[in-house]
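Participant: Here it is: the structure, laid out below.
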Amino acid sequence: MRVYHNIDEFTAVNNAVVTIGTFDGVHIGHRKIISGIKELAASTGGETVILTFFPHPRMILHPEDESLKLITTIAEKAGLMEKLGVDHLIITPFSRDFSNQSAESYIRDVLVNKIGTKKIVIGYDHRFGKDRQGGFEDLQRLGPVYGFDVVEIPEQDINEVAISSTRIRNALLSGDIDLANAFLGYPFFITGNVVRGDQIGRQLGYPTANIVIEEKYKLVPCDGIFAVTVIIADQKYKGMAYIGSRPTVNGLTRNIEVNIFDFNQDIYNQTIRMEFHHYIRGDVKFSSLDGLKVQLAQDKVDVLNLDF
Ligand SMILES: Cc1cc2nc3c(=O)[nH]c(=O)nc-3n(C[C@H](O)[C@H](O)[C@H](O)COP(=O)(O)O)c2cc1C
Ligand SMILES: Nc1ncnc2c1ncn2[C@@H]1O[C@H](COP(=O)(O)OP(=O)(O)O)[C@@H](O)[C@H]1O
């Protein structure tokens, strides 16, 4: 898959089969659309093109506002699309110039001349161009003029897609990992760097790698303990993860930590990926570190008893 960070880097391809959207999570609804464009491309000898937008205008206009949370970072989204076999991913920032184009010039200059669109798969409610004046009707009207077909994604499918992105976010925020993963079609994951903590973990007999996620807009599940797999340098390990403020040791920051099973390596400063499989329990303030230690032994038993 080729990734373009600006639409100007893209040179038109033959028989481009295009879709446009945010695709947060690249979940089962999105996968249906992506397999749709892949089939269309395969039957016409064409190439698949996804046009997505990043950063979100709110991130540029209000960088201090951290309320916007996404299931996937832009890099994770690109990775998932690559795995699905998408040929081209164009990531355009929501610039003023871009959003000030008229609907007709967007269709002519971007979709037709820049991308070479021969088929566009789009929701009935997709809006584009200045003041969101353009829509499905404009594409249908101008398709014959510029030589492309418009394929509508039915209302029911759009609603499903929208519902599942919101439902996945809500499921992750309420600890329903099983539901989130069922909608995603793969285990929810985070990607981050391992940093130093207070080094209490190793004294407890449970060293925990502290993970820091660079992208502030990445959604982190609710506080609690989770059964996870950790991917370090292409190797997979099972483990138990903790998200919370460590009330037992009067922690001041909200941490993401993981005790990795059957593992004993220094991984400070490494980038790791952690996949969430099941929610185990909520965060608890223990009256002593010994109390926490007893619970950690039980958590490990509980995690190892699960199928994942
Ligand atoms: C599986 C797991 C469960 C945990 N549960 C709790 C908990 O219920 N309450 C709590 O205060 N801390 C909990 N912790 C966090 C520990 O307090 C933390 O790992 C310890 O303070 C070590 O911190 P350090 O990595 O900074 O050394 C848990 C950690 C793990 C790995
Ligand atoms: N099984 C393991 N699980 C997690 N981290 C481990 C493990 N074995 C060794 N480590 C290393 O030890 C570190 C965690 O030890 P810990 O005492 O909790 O220190 P810190 O407070 O700095 O996280 C990890 O960042 C990693 O480099």
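Scheme for the structure tokens: letters A, B, ... for chains in order shown; per-chain residue numbers from 1; ligand numbers from 1 in order shown.
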Would you kindly return, as a list of chain:residue names, each protein, DNA or RNA residue with an atom no farther than 7 Å from any atom of segment 105-118 of chain A, considering only C-alpha atoms and excluding same-chain residues fewer than 3 positions away?
Facilitator: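 Once the adjacent positions are removed, what remains is A:Thr11, A:Ala12, A:Val13, A:Asn14, A:Asn15, A:Ala16, A:Val17, A:Val18, A:Gln101, A:Ser102, A:Gly129, A:Tyr146, A:Gly147, A:Phe148, A:Asp149.
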Participant: Using only C-alpha atoms and all ligand atoms, which residues of the polymer chains come no farther than 7 Å from ligand 1? I'd like the answer as a PyMOL selection string.
Facilitator: chain A and resi 197-202+206-210+225+240-242+245-249+257-259+282-286+292+296+299
Participant: Please, what distance in Å, to one decimal, runs between atom CA of Glu215 of chain A and atom CA of Ala75 of chain A?
Facilitator: 10.1 Å
Participant: Which parts of segment 130-240 of chain A does DSSP call helix (DSSP H, G or I) when run on the backbone here, written out as a PyMOL selection string?
Facilitator: chain A and resi 130-132+136-146+155-173+177-184+201-204
Participant: Could you take the residues named above and write them with C-alpha atoms, as an mmCIF file, in the first residue's frame?
Facilitator:
data_model
loop_
_atom_site.group_PDB
_atom_site.id
_atom_site.type_symbol
_atom_site.label_atom_id
_atom_site.label_comp_id
_atom_site.auth_asym_id
_atom_site.auth_seq_id
_atom_site.Cartn_x
_atom_site.Cartn_y
_atom_site.Cartn_z
ATOM 1 C CA LYS A 130 -17.497 24.511 0.608
ATOM 2 C CA ASP A 131 -20.071 24.602 3.412
ATOM 3 C CA ARG A 132 -20.699 20.913 2.752
ATOM 4 C CA PHE A 136 -24.467 12.227 -3.493
ATOM 5 C CA GLU A 137 -26.748 13.953 -6.077
ATOM 6 C CA ASP A 138 -23.816 16.008 -7.422
ATOM 7 C CA LEU A 139 -21.723 12.897 -7.864
ATOM 8 C CA GLN A 140 -24.577 11.179 -9.693
ATOM 9 C CA ARG A 141 -25.163 14.214 -11.913
ATOM 10 C CA LEU A 142 -21.483 14.698 -12.768
ATOM 11 C CA GLY A 143 -20.567 11.007 -13.062
ATOM 12 C CA PRO A 144 -21.649 10.739 -16.709
ATOM 13 C CA VAL A 145 -19.999 14.106 -17.512
ATOM 14 C CA TYR A 146 -16.589 13.048 -16.156
ATOM 15 C CA GLU A 155 -28.587 3.883 4.557
ATOM 16 C CA GLN A 156 -28.843 0.771 6.702
ATOM 17 C CA ASP A 157 -25.160 -0.047 6.168
ATOM 18 C CA ILE A 158 -24.109 3.551 6.950
ATOM 19 C CA ASN A 159 -26.090 3.489 10.172
ATOM 20 C CA GLU A 160 -24.452 0.238 11.126
ATOM 21 C CA VAL A 161 -21.005 1.704 10.476
ATOM 22 C CA ALA A 162 -21.728 4.845 12.512
ATOM 23 C CA ILE A 163 -23.299 2.858 15.321
ATOM 24 C CA SER A 164 -20.441 0.475 15.575
ATOM 25 C CA SER A 165 -17.726 3.200 15.797
ATOM 26 C CA THR A 166 -19.606 4.885 18.639
ATOM 27 C CA ARG A 167 -20.499 1.579 20.243
ATOM 28 C CA ILE A 168 -16.887 0.420 20.110
ATOM 29 C CA ARG A 169 -15.756 3.614 21.872
ATOM 30 C CA ASN A 170 -18.445 3.216 24.526
ATOM 31 C CA ALA A 171 -17.682 -0.478 24.984
ATOM 32 C CA LEU A 172 -13.972 0.267 25.533
ATOM 33 C CA LEU A 173 -14.814 3.037 27.990
ATOM 34 C CA ILE A 177 -13.677 -5.565 25.609
ATOM 35 C CA ASP A 178 -15.508 -8.606 24.231
ATOM 36 C CA LEU A 179 -18.149 -6.442 22.548
ATOM 37 C CA ALA A 180 -15.564 -3.955 21.219
ATOM 38 C CA ASN A 181 -13.519 -6.803 19.728
ATOM 39 C CA ALA A 182 -16.618 -8.397 18.196
ATOM 40 C CA PHE A 183 -17.378 -5.120 16.356
ATOM 41 C CA LEU A 184 -13.747 -4.522 15.402
ATOM 42 C CA GLY A 201 6.867 -3.624 40.458
ATOM 43 C CA ARG A 202 10.007 -5.727 40.567
ATOM 44 C CA GLN A 203 10.042 -5.556 44.393
ATOM 45 C CA LEU A 204 6.528 -7.005 44.361
#
Participant: Using only C-alpha atoms, which residue out of A:Ile28, A:Ile120, A:Ser95, A:Glu104 lies closest to Ile50 of chain A?
Facilitator: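 Counting only C-alpha atoms, the residue closest to Ile50 of chain A is A:Ile120.
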Participant: When DSSP works through the backbone of this structure, what residues of segment 18-245 of chain A end up as strand (DSSP E or B), shown as a PyMOL selection string?
Facilitator: chain A and resi 18-20+47-53+70+88-92+117-123+128+134+149-153+189-195+209-212+218+224-232+235-244
Participant: Give the answer as one residue: which of A:Ala297, A:Met1, A:Val195, A:Ile231 has the shortest atom-to-atom distance to ligand 2, using only C-alpha atoms and all ligand atoms?
Facilitator: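 The shortest atom-to-atom distance to ligand 2 comes from A:Val195.
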Participant: Quick one: of A:Gly134, A:Pro93, A:Pro55, A:Gly239, who's nearest to Asp8 of chain A, counting only C-alpha atoms?
Facilitator: A:Pro93
Participant: Hey, can you check how far atom CA of Thr73 of chain A sits from atom CA of Phe263 of chain A?
Facilitator: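 Straight-line distance from atom CA of Thr73 of chain A to atom CA of Phe263 of chain A works out to 27.8 Å.
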Participant: Out of A:Gly21, A:Gly29, A:Gly205, A:Gly244, which residue has the shortest atom-to-atom distance to Phe226 of chain A when counting only C-alpha atoms?
Facilitator: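 The shortest atom-to-atom distance to Phe226 of chain A comes from A:Gly244.
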Participant: Could you check which of A:Asp262, A:Glu275, A:Asp97, A:Asp302 is closest to ligand 2, using only C-alpha atoms and all ligand atoms?
Facilitator: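 Of all the options, A:Asp262 lies closest to ligand 2.
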Participant: Report as a VMD selection string all protein, DNA and RNA residues lying within 9 Å of Met81 of chain A, evaluated on only C-alpha atoms, omitting residues in the same chain fewer than 4 positions from it.
Facilitator: chain A and resid 1 26 31 34 76 to 77 85 to 87 89
